[in-house]
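J.: The structure under discussion is supplied below as structure tokens; questions concerning it will follow.
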Amino acid sequence: MTTPLAQVRGLAKAWPGQPLFSAVDLDVAPGEFVAIVGESGVGKSTFLNCLAGLDTVDAGSVSIAGREVTTLDETQQALFRREHLGFVFQAFHVLPHLSVAHNVALPLLLQHRADDTRVAEVLDAVGLGGLGARLPQTLSGGQLQRVAIARALVHRPALILADEPTGNLDPATAAKVMDVLVAQVHGERAACVLVTHSRTAAARADRVLTLTATGLHET
Ligand SMILES: Nc1ncnc2c1ncn2[C@@H]1O[C@H](COP(=O)(O)OP(=O)(O)OP(=O)(O)O)[C@@H](O)[C@H]1O
């Protein structure tokens, strides 16, 4: 059996006065695409943040690429994320004063691996070829979402975490974005955890799991 790229055991999380989930177990293999669905407010985005070390956990362990993420200090977590993770947030977090190409290049620049050819390649892949010199404010919401996706993929991360990446897109563009994610996962053997309310997007995953208060369940 392939060693999991991400392994979660007994994860539990509550906000003050608001228990979310407990007993969450998950294995994601390299080259595997997992979709997580579930009722609004159950804690899907929080779960992704826990995987990325962006939110603390109350119990359990998260191992990614053989490293126990929950025991790293903040600096170590930031370096770990930079190298191993690509994160597509619900809010795009695109930097307004940088060009589209510069925004997409950031993960490479942070690792001192500038690569204009790769930036052009991912912009092409998400249908934004030729828009690299533009400023984000001149793009539509759907185009900004694709900038965020290109930025999450540009450094070929081992694990892609995507929070509703097609939420702002029309069906045709959403399908194209899912094509890019699937190609990255299956072509580059990245692992991907996608959180979505879209049945169409979830259907592109290898496995669909439902998050409830008592864990992740096969659907
Ligand atoms: N930093 C935070 N501090 C306190 N409560 C929070 C925080 N982040 C999220 N929550 C609360 O935790 C609950 C779960 O939020 P989360 O966004 O993880 O759910 P979700 O399943 O992704 O929801 P949706 O499908 O609507 O996006 C919500 O009630 C939210 O208000």
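How things are named: the first chain in the structure tokens is A, the next is B, and so on; residues count from 1 in each chain; ligands count from 1 in the order shown.
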Neighbours of ligand 1 within 7 Å, counting only C-alpha atoms and all ligand atoms, as a ChimeraX atom specification?

T.: /A:15,20,38-47,197

J.: List every residue of stretch 13-212 of chain A that DSSP, applied to the backbone of this structure, assigns to helix (DSSP H, G or I), and report them as an MDAnalysis selection string.

T.: chainID A and resid 44:52 69:71 74:84 100:110 116:125 136:138 141:153 171:188 199:202

J.: From the set A:Ala162, A:Leu106, A:Ile36, A:Val28, which residue has the shortest atom-to-atom contact distance to A:Leu209, counting only C-alpha atoms?

T.: A:Ile36

J.: Counting only C-alpha atoms, what is within 12 Å of stretch 76-80 of chain A, bar same-chain residues fewer than 2 positions away, as number ranges by chain?

T.: A: 49-56, 63-74, 82-86, 107, 110-111, 157-159

J.: Generate a file of the selected residues that holds N, CA and C atoms, formatted as a PDB file, in the first residue's frame.

T.:
ATOM      1  N   ASN A  49      -7.909  24.309   7.446  1.00  0.00           N
ATOM      2  CA  ASN A  49      -6.948  25.162   8.148  1.00  0.00           C
ATOM      3  C   ASN A  49      -6.133  24.360   9.157  1.00  0.00           C
ATOM      4  N   CYS A  50      -6.778  23.383   9.815  1.00  0.00           N
ATOM      5  CA  CYS A  50      -6.042  22.524  10.758  1.00  0.00           C
ATOM      6  C   CYS A  50      -4.988  21.691  10.009  1.00  0.00           C
ATOM      7  N   LEU A  51      -5.340  21.203   8.808  1.00  0.00           N
ATOM      8  CA  LEU A  51      -4.367  20.446   8.016  1.00  0.00           C
ATOM      9  C   LEU A  51      -3.157  21.309   7.689  1.00  0.00           C
ATOM     10  N   ALA A  52      -3.423  22.579   7.393  1.00  0.00           N
ATOM     11  CA  ALA A  52      -2.350  23.488   6.982  1.00  0.00           C
ATOM     12  C   ALA A  52      -1.607  24.088   8.168  1.00  0.00           C
ATOM     13  N   GLY A  53      -2.068  23.792   9.390  1.00  0.00           N
ATOM     14  CA  GLY A  53      -1.439  24.392  10.563  1.00  0.00           C
ATOM     15  C   GLY A  53      -1.843  25.842  10.756  1.00  0.00           C
ATOM     16  N   LEU A  54      -2.895  26.286  10.069  1.00  0.00           N
ATOM     17  CA  LEU A  54      -3.348  27.676  10.205  1.00  0.00           C
ATOM     18  C   LEU A  54      -4.271  27.844  11.402  1.00  0.00           C
ATOM     19  N   ASP A  55      -4.947  26.760  11.811  1.00  0.00           N
ATOM     20  CA  ASP A  55      -5.718  26.742  13.054  1.00  0.00           C
ATOM     21  C   ASP A  55      -5.126  25.657  13.949  1.00  0.00           C
ATOM     22  N   THR A  56      -5.140  25.897  15.263  1.00  0.00           N
ATOM     23  CA  THR A  56      -4.641  24.882  16.189  1.00  0.00           C
ATOM     24  C   THR A  56      -5.688  23.772  16.325  1.00  0.00           C
ATOM     25  N   SER A  63      -0.147  14.441   9.999  1.00  0.00           N
ATOM     26  CA  SER A  63       1.176  14.210   9.434  1.00  0.00           C
ATOM     27  C   SER A  63       1.113  14.432   7.933  1.00  0.00           C
ATOM     28  N   ILE A  64       1.997  15.278   7.437  1.00  0.00           N
ATOM     29  CA  ILE A  64       2.051  15.557   5.998  1.00  0.00           C
ATOM     30  C   ILE A  64       3.479  15.363   5.533  1.00  0.00           C
ATOM     31  N   ALA A  65       3.651  14.554   4.507  1.00  0.00           N
ATOM     32  CA  ALA A  65       4.986  14.243   3.976  1.00  0.00           C
ATOM     33  C   ALA A  65       5.910  13.795   5.108  1.00  0.00           C
ATOM     34  N   GLY A  66       5.342  13.035   6.040  1.00  0.00           N
ATOM     35  CA  GLY A  66       6.155  12.467   7.106  1.00  0.00           C
ATOM     36  C   GLY A  66       6.445  13.400   8.271  1.00  0.00           C
ATOM     37  N   ARG A  67       5.935  14.642   8.224  1.00  0.00           N
ATOM     38  CA  ARG A  67       6.174  15.585   9.327  1.00  0.00           C
ATOM     39  C   ARG A  67       4.894  15.777  10.131  1.00  0.00           C
ATOM     40  N   GLU A  68       5.013  15.750  11.458  1.00  0.00           N
ATOM     41  CA  GLU A  68       3.869  16.006  12.331  1.00  0.00           C
ATOM     42  C   GLU A  68       3.665  17.521  12.408  1.00  0.00           C
ATOM     43  N   VAL A  69       2.606  17.983  11.747  1.00  0.00           N
ATOM     44  CA  VAL A  69       2.407  19.424  11.577  1.00  0.00           C
ATOM     45  C   VAL A  69       2.011  20.106  12.888  1.00  0.00           C
ATOM     46  N   THR A  70       1.230  19.391  13.726  1.00  0.00           N
ATOM     47  CA  THR A  70       0.667  20.043  14.911  1.00  0.00           C
ATOM     48  C   THR A  70       1.729  20.400  15.955  1.00  0.00           C
ATOM     49  N   THR A  71       2.913  19.804  15.877  1.00  0.00           N
ATOM     50  CA  THR A  71       3.934  20.092  16.889  1.00  0.00           C
ATOM     51  C   THR A  71       4.973  21.108  16.406  1.00  0.00           C
ATOM     52  N   LEU A  72       4.836  21.583  15.150  1.00  0.00           N
ATOM     53  CA  LEU A  72       5.783  22.583  14.645  1.00  0.00           C
ATOM     54  C   LEU A  72       5.444  23.949  15.239  1.00  0.00           C
ATOM     55  N   ASP A  73       6.469  24.776  15.485  1.00  0.00           N
ATOM     56  CA  ASP A  73       6.147  26.137  15.930  1.00  0.00           C
ATOM     57  C   ASP A  73       5.741  26.960  14.690  1.00  0.00           C
ATOM     58  N   GLU A  74       5.321  28.209  14.923  1.00  0.00           N
ATOM     59  CA  GLU A  74       4.741  28.994  13.822  1.00  0.00           C
ATOM     60  C   GLU A  74       5.704  29.190  12.658  1.00  0.00           C
ATOM     61  N   ARG A  82       5.149  26.674   2.941  1.00  0.00           N
ATOM     62  CA  ARG A  82       5.756  27.270   1.754  1.00  0.00           C
ATOM     63  C   ARG A  82       6.283  26.184   0.812  1.00  0.00           C
ATOM     64  N   GLU A  83       6.876  25.164   1.403  1.00  0.00           N
ATOM     65  CA  GLU A  83       7.515  24.129   0.584  1.00  0.00           C
ATOM     66  C   GLU A  83       6.534  23.065   0.093  1.00  0.00           C
ATOM     67  N   HIS A  84       5.624  22.643   0.990  1.00  0.00           N
ATOM     68  CA  HIS A  84       4.847  21.439   0.682  1.00  0.00           C
ATOM     69  C   HIS A  84       3.394  21.678   0.307  1.00  0.00           C
ATOM     70  N   LEU A  85       2.831  22.854   0.632  1.00  0.00           N
ATOM     71  CA  LEU A  85       1.393  23.048   0.461  1.00  0.00           C
ATOM     72  C   LEU A  85       1.051  24.094  -0.597  1.00  0.00           C
ATOM     73  N   GLY A  86      -0.045  23.862  -1.279  1.00  0.00           N
ATOM     74  CA  GLY A  86      -0.666  24.878  -2.114  1.00  0.00           C
ATOM     75  C   GLY A  86      -2.071  25.059  -1.585  1.00  0.00           C
ATOM     76  N   PRO A 107       5.010  31.934  -4.631  1.00  0.00           N
ATOM     77  CA  PRO A 107       5.522  30.718  -3.968  1.00  0.00           C
ATOM     78  C   PRO A 107       6.901  30.304  -4.479  1.00  0.00           C
ATOM     79  N   LEU A 110       9.508  32.878  -3.011  1.00  0.00           N
ATOM     80  CA  LEU A 110       9.780  32.637  -1.593  1.00  0.00           C
ATOM     81  C   LEU A 110      10.759  31.478  -1.391  1.00  0.00           C
ATOM     82  N   GLN A 111      10.828  30.603  -2.392  1.00  0.00           N
ATOM     83  CA  GLN A 111      11.797  29.494  -2.318  1.00  0.00           C
ATOM     84  C   GLN A 111      13.018  29.750  -3.197  1.00  0.00           C
ATOM     85  N   PRO A 157       3.228  21.757  -5.348  1.00  0.00           N
ATOM     86  CA  PRO A 157       3.219  21.300  -3.963  1.00  0.00           C
ATOM     87  C   PRO A 157       2.813  19.833  -3.856  1.00  0.00           C
ATOM     88  N   ALA A 158       3.273  19.187  -2.802  1.00  0.00           N
ATOM     89  CA  ALA A 158       2.913  17.780  -2.582  1.00  0.00           C
ATOM     90  C   ALA A 158       1.450  17.648  -2.205  1.00  0.00           C
ATOM     91  N   LEU A 159       0.911  18.659  -1.513  1.00  0.00           N
ATOM     92  CA  LEU A 159      -0.487  18.616  -1.063  1.00  0.00           C
ATOM     93  C   LEU A 159      -1.179  19.929  -1.422  1.00  0.00           C
TER      94      LEU A 159
END

J.: With only C-alpha atoms as the atoms that count, which of A:Ala120, A:Ala12, A:Ala174, A:Leu211 lies nearest to A:Val195?

T.: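 Smallest separation from A:Val195 among the options: A:Leu211.
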
J.: My list of candidates is A:Pro19, A:Arg146, A:Leu109, A:Arg134. Which is closest to A:Pro96 when distances are computed with only C-alpha atoms?

T.: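 Under the stated criterion, the closest residue is A:Arg134.
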
J.: Within 12 Å of A:Gly141, counting only C-alpha atoms, which residues qualify if same-chain residues fewer than 6 places away don't, as a list in words?

T.: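 Everything that qualifies: Gln90, Ala91, Phe92, Val94, Val147, Ala148, Pro165, Thr166, Gly167, Asn168, Leu169, Asp170 and Thr173 of chain A.
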
J.: Pull N, CA and C atoms from the residues just selected and write them as an mmCIF file, in the first residue's frame.

T.:
data_model
loop_
_atom_site.group_PDB
_atom_site.id
_atom_site.type_symbol
_atom_site.label_atom_id
_atom_site.label_comp_id
_atom_site.auth_asym_id
_atom_site.auth_seq_id
_atom_site.Cartn_x
_atom_site.Cartn_y
_atom_site.Cartn_z
ATOM 1 N N GLN A 90 -11.050 30.519 0.196
ATOM 2 C CA GLN A 90 -12.323 31.077 -0.270
ATOM 3 C C GLN A 90 -12.135 32.552 -0.641
ATOM 4 N N ALA A 91 -11.450 33.307 0.213
ATOM 5 C CA ALA A 91 -11.060 34.673 -0.141
ATOM 6 C C ALA A 91 -9.712 34.533 -0.846
ATOM 7 N N PHE A 92 -9.536 35.247 -1.951
ATOM 8 C CA PHE A 92 -8.409 34.892 -2.824
ATOM 9 C C PHE A 92 -7.049 35.254 -2.244
ATOM 10 N N VAL A 94 -5.237 37.736 -3.019
ATOM 11 C CA VAL A 94 -4.337 38.209 -4.077
ATOM 12 C C VAL A 94 -3.808 39.586 -3.667
ATOM 13 N N VAL A 147 -6.427 33.086 -10.644
ATOM 14 C CA VAL A 147 -5.088 33.534 -10.230
ATOM 15 C C VAL A 147 -4.697 32.793 -8.944
ATOM 16 N N ALA A 148 -5.659 32.712 -8.019
ATOM 17 C CA ALA A 148 -5.388 32.044 -6.740
ATOM 18 C C ALA A 148 -5.057 30.566 -6.957
ATOM 19 N N PRO A 165 -12.973 26.094 -4.530
ATOM 20 C CA PRO A 165 -12.224 26.823 -5.563
ATOM 21 C C PRO A 165 -13.049 27.195 -6.785
ATOM 22 N N THR A 166 -14.241 26.597 -6.919
ATOM 23 C CA THR A 166 -15.056 26.936 -8.085
ATOM 24 C C THR A 166 -16.270 27.781 -7.699
ATOM 25 N N GLY A 167 -16.268 28.268 -6.452
ATOM 26 C CA GLY A 167 -17.441 28.965 -5.924
ATOM 27 C C GLY A 167 -17.863 30.189 -6.712
ATOM 28 N N ASN A 168 -16.892 30.888 -7.328
ATOM 29 C CA ASN A 168 -17.216 32.133 -8.031
ATOM 30 C C ASN A 168 -17.259 31.969 -9.542
ATOM 31 N N LEU A 169 -17.266 30.744 -10.004
ATOM 32 C CA LEU A 169 -17.067 30.537 -11.439
ATOM 33 C C LEU A 169 -18.327 30.045 -12.140
ATOM 34 N N ASP A 170 -18.470 30.423 -13.405
ATOM 35 C CA ASP A 170 -19.559 29.870 -14.217
ATOM 36 C C ASP A 170 -19.241 28.392 -14.500
ATOM 37 N N THR A 173 -16.162 27.573 -16.777
ATOM 38 C CA THR A 173 -14.872 27.909 -16.178
ATOM 39 C C THR A 173 -14.586 27.003 -14.993
#

J.: Considering only C-alpha atoms, can you say which of A:Asp124, A:Ala105, A:Phe87, A:Ala172 comes closest to A:Ile149?

T.: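 Counting only C-alpha atoms, the residue closest to A:Ile149 is A:Phe87.
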
J.: Skipping near chain neighbours, those fewer than 4 positions away, what residues fall within 12 Å of A:Gly10 using only C-alpha atoms, listed as a PyMOL selection string?

T.: chain A and resi 21-27+57-63+214-216

J.: Keeping only N, CA and C atoms, write the selected residues as a PDB file, in the first residue's frame.

T.:
ATOM      1  N   PHE A  21     -15.949  19.265  15.411  1.00  0.00           N
ATOM      2  CA  PHE A  21     -15.845  17.846  15.052  1.00  0.00           C
ATOM      3  C   PHE A  21     -14.830  17.173  15.960  1.00  0.00           C
ATOM      4  N   SER A  22     -14.946  15.831  16.014  1.00  0.00           N
ATOM      5  CA  SER A  22     -13.952  15.035  16.737  1.00  0.00           C
ATOM      6  C   SER A  22     -13.800  13.723  15.989  1.00  0.00           C
ATOM      7  N   ALA A  23     -12.749  12.984  16.334  1.00  0.00           N
ATOM      8  CA  ALA A  23     -12.505  11.655  15.776  1.00  0.00           C
ATOM      9  C   ALA A  23     -12.379  11.657  14.256  1.00  0.00           C
ATOM     10  N   VAL A  24     -11.757  12.698  13.711  1.00  0.00           N
ATOM     11  CA  VAL A  24     -11.586  12.741  12.255  1.00  0.00           C
ATOM     12  C   VAL A  24     -10.304  12.004  11.871  1.00  0.00           C
ATOM     13  N   ASP A  25     -10.466  10.975  11.049  1.00  0.00           N
ATOM     14  CA  ASP A  25      -9.332  10.233  10.490  1.00  0.00           C
ATOM     15  C   ASP A  25      -9.350  10.407   8.979  1.00  0.00           C
ATOM     16  N   LEU A  26      -8.176  10.530   8.380  1.00  0.00           N
ATOM     17  CA  LEU A  26      -8.110  10.656   6.917  1.00  0.00           C
ATOM     18  C   LEU A  26      -6.724  10.255   6.443  1.00  0.00           C
ATOM     19  N   ASP A  27      -6.677   9.449   5.390  1.00  0.00           N
ATOM     20  CA  ASP A  27      -5.425   9.153   4.687  1.00  0.00           C
ATOM     21  C   ASP A  27      -5.583   9.638   3.255  1.00  0.00           C
ATOM     22  N   VAL A  57      -5.247  22.606  16.765  1.00  0.00           N
ATOM     23  CA  VAL A  57      -6.185  21.495  16.971  1.00  0.00           C
ATOM     24  C   VAL A  57      -6.310  21.253  18.475  1.00  0.00           C
ATOM     25  N   ASP A  58      -7.441  20.670  18.891  1.00  0.00           N
ATOM     26  CA  ASP A  58      -7.640  20.368  20.311  1.00  0.00           C
ATOM     27  C   ASP A  58      -7.117  18.984  20.661  1.00  0.00           C
ATOM     28  N   ALA A  59      -7.176  18.076  19.695  1.00  0.00           N
ATOM     29  CA  ALA A  59      -6.662  16.718  19.902  1.00  0.00           C
ATOM     30  C   ALA A  59      -6.372  16.111  18.545  1.00  0.00           C
ATOM     31  N   GLY A  60      -5.490  15.111  18.559  1.00  0.00           N
ATOM     32  CA  GLY A  60      -5.218  14.371  17.338  1.00  0.00           C
ATOM     33  C   GLY A  60      -3.923  14.793  16.670  1.00  0.00           C
ATOM     34  N   SER A  61      -3.640  14.149  15.546  1.00  0.00           N
ATOM     35  CA  SER A  61      -2.375  14.393  14.847  1.00  0.00           C
ATOM     36  C   SER A  61      -2.624  14.599  13.351  1.00  0.00           C
ATOM     37  N   VAL A  62      -1.738  15.396  12.756  1.00  0.00           N
ATOM     38  CA  VAL A  62      -1.770  15.640  11.310  1.00  0.00           C
ATOM     39  C   VAL A  62      -0.352  15.458  10.800  1.00  0.00           C
ATOM     40  N   SER A  63      -0.147  14.441   9.999  1.00  0.00           N
ATOM     41  CA  SER A  63       1.176  14.210   9.434  1.00  0.00           C
ATOM     42  C   SER A  63       1.113  14.432   7.933  1.00  0.00           C
ATOM     43  N   THR A 214     -19.057  13.854  14.130  1.00  0.00           N
ATOM     44  CA  THR A 214     -18.411  12.623  14.607  1.00  0.00           C
ATOM     45  C   THR A 214     -17.345  12.096  13.652  1.00  0.00           C
ATOM     46  N   GLY A 215     -16.938  12.905  12.685  1.00  0.00           N
ATOM     47  CA  GLY A 215     -15.827  12.472  11.842  1.00  0.00           C
ATOM     48  C   GLY A 215     -16.137  12.539  10.362  1.00  0.00           C
ATOM     49  N   LEU A 216     -15.230  11.940   9.575  1.00  0.00           N
ATOM     50  CA  LEU A 216     -15.383  11.900   8.115  1.00  0.00           C
ATOM     51  C   LEU A 216     -15.966  10.554   7.731  1.00  0.00           C
TER      52      LEU A 216
END

J.: Of the residues A:Val88, A:Val8, A:Val180, A:Val154, which is the one nearest to A:Ala101, using only C-alpha atoms?

T.: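 Among A:Val88, A:Val8, A:Val180, A:Val154, it is A:Val154 that comes nearest to A:Ala101.
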
J.: Would you please extract all strand (DSSP E or B) residues from chain A, as assigned by DSSP on the backbone, and give them as a ChimeraX atom specification?

T.: /A:6-15,18-28,33-37,59-64,67-68,85-88,159-163,191-195,207-212,215-218

J.: Of the candidates A:Pro136, A:Gly31, A:Gly142, A:Gly127, which one gets nearest to A:Ala183 if we count only C-alpha atoms?

T.: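 The closest residue to A:Ala183 is A:Gly31.
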
J.: Quick one: distance from atom CA of A:Phe89 to atom CA of A:Leu153 in Å, one decimal?

T.: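 The value is 12.8 Å.
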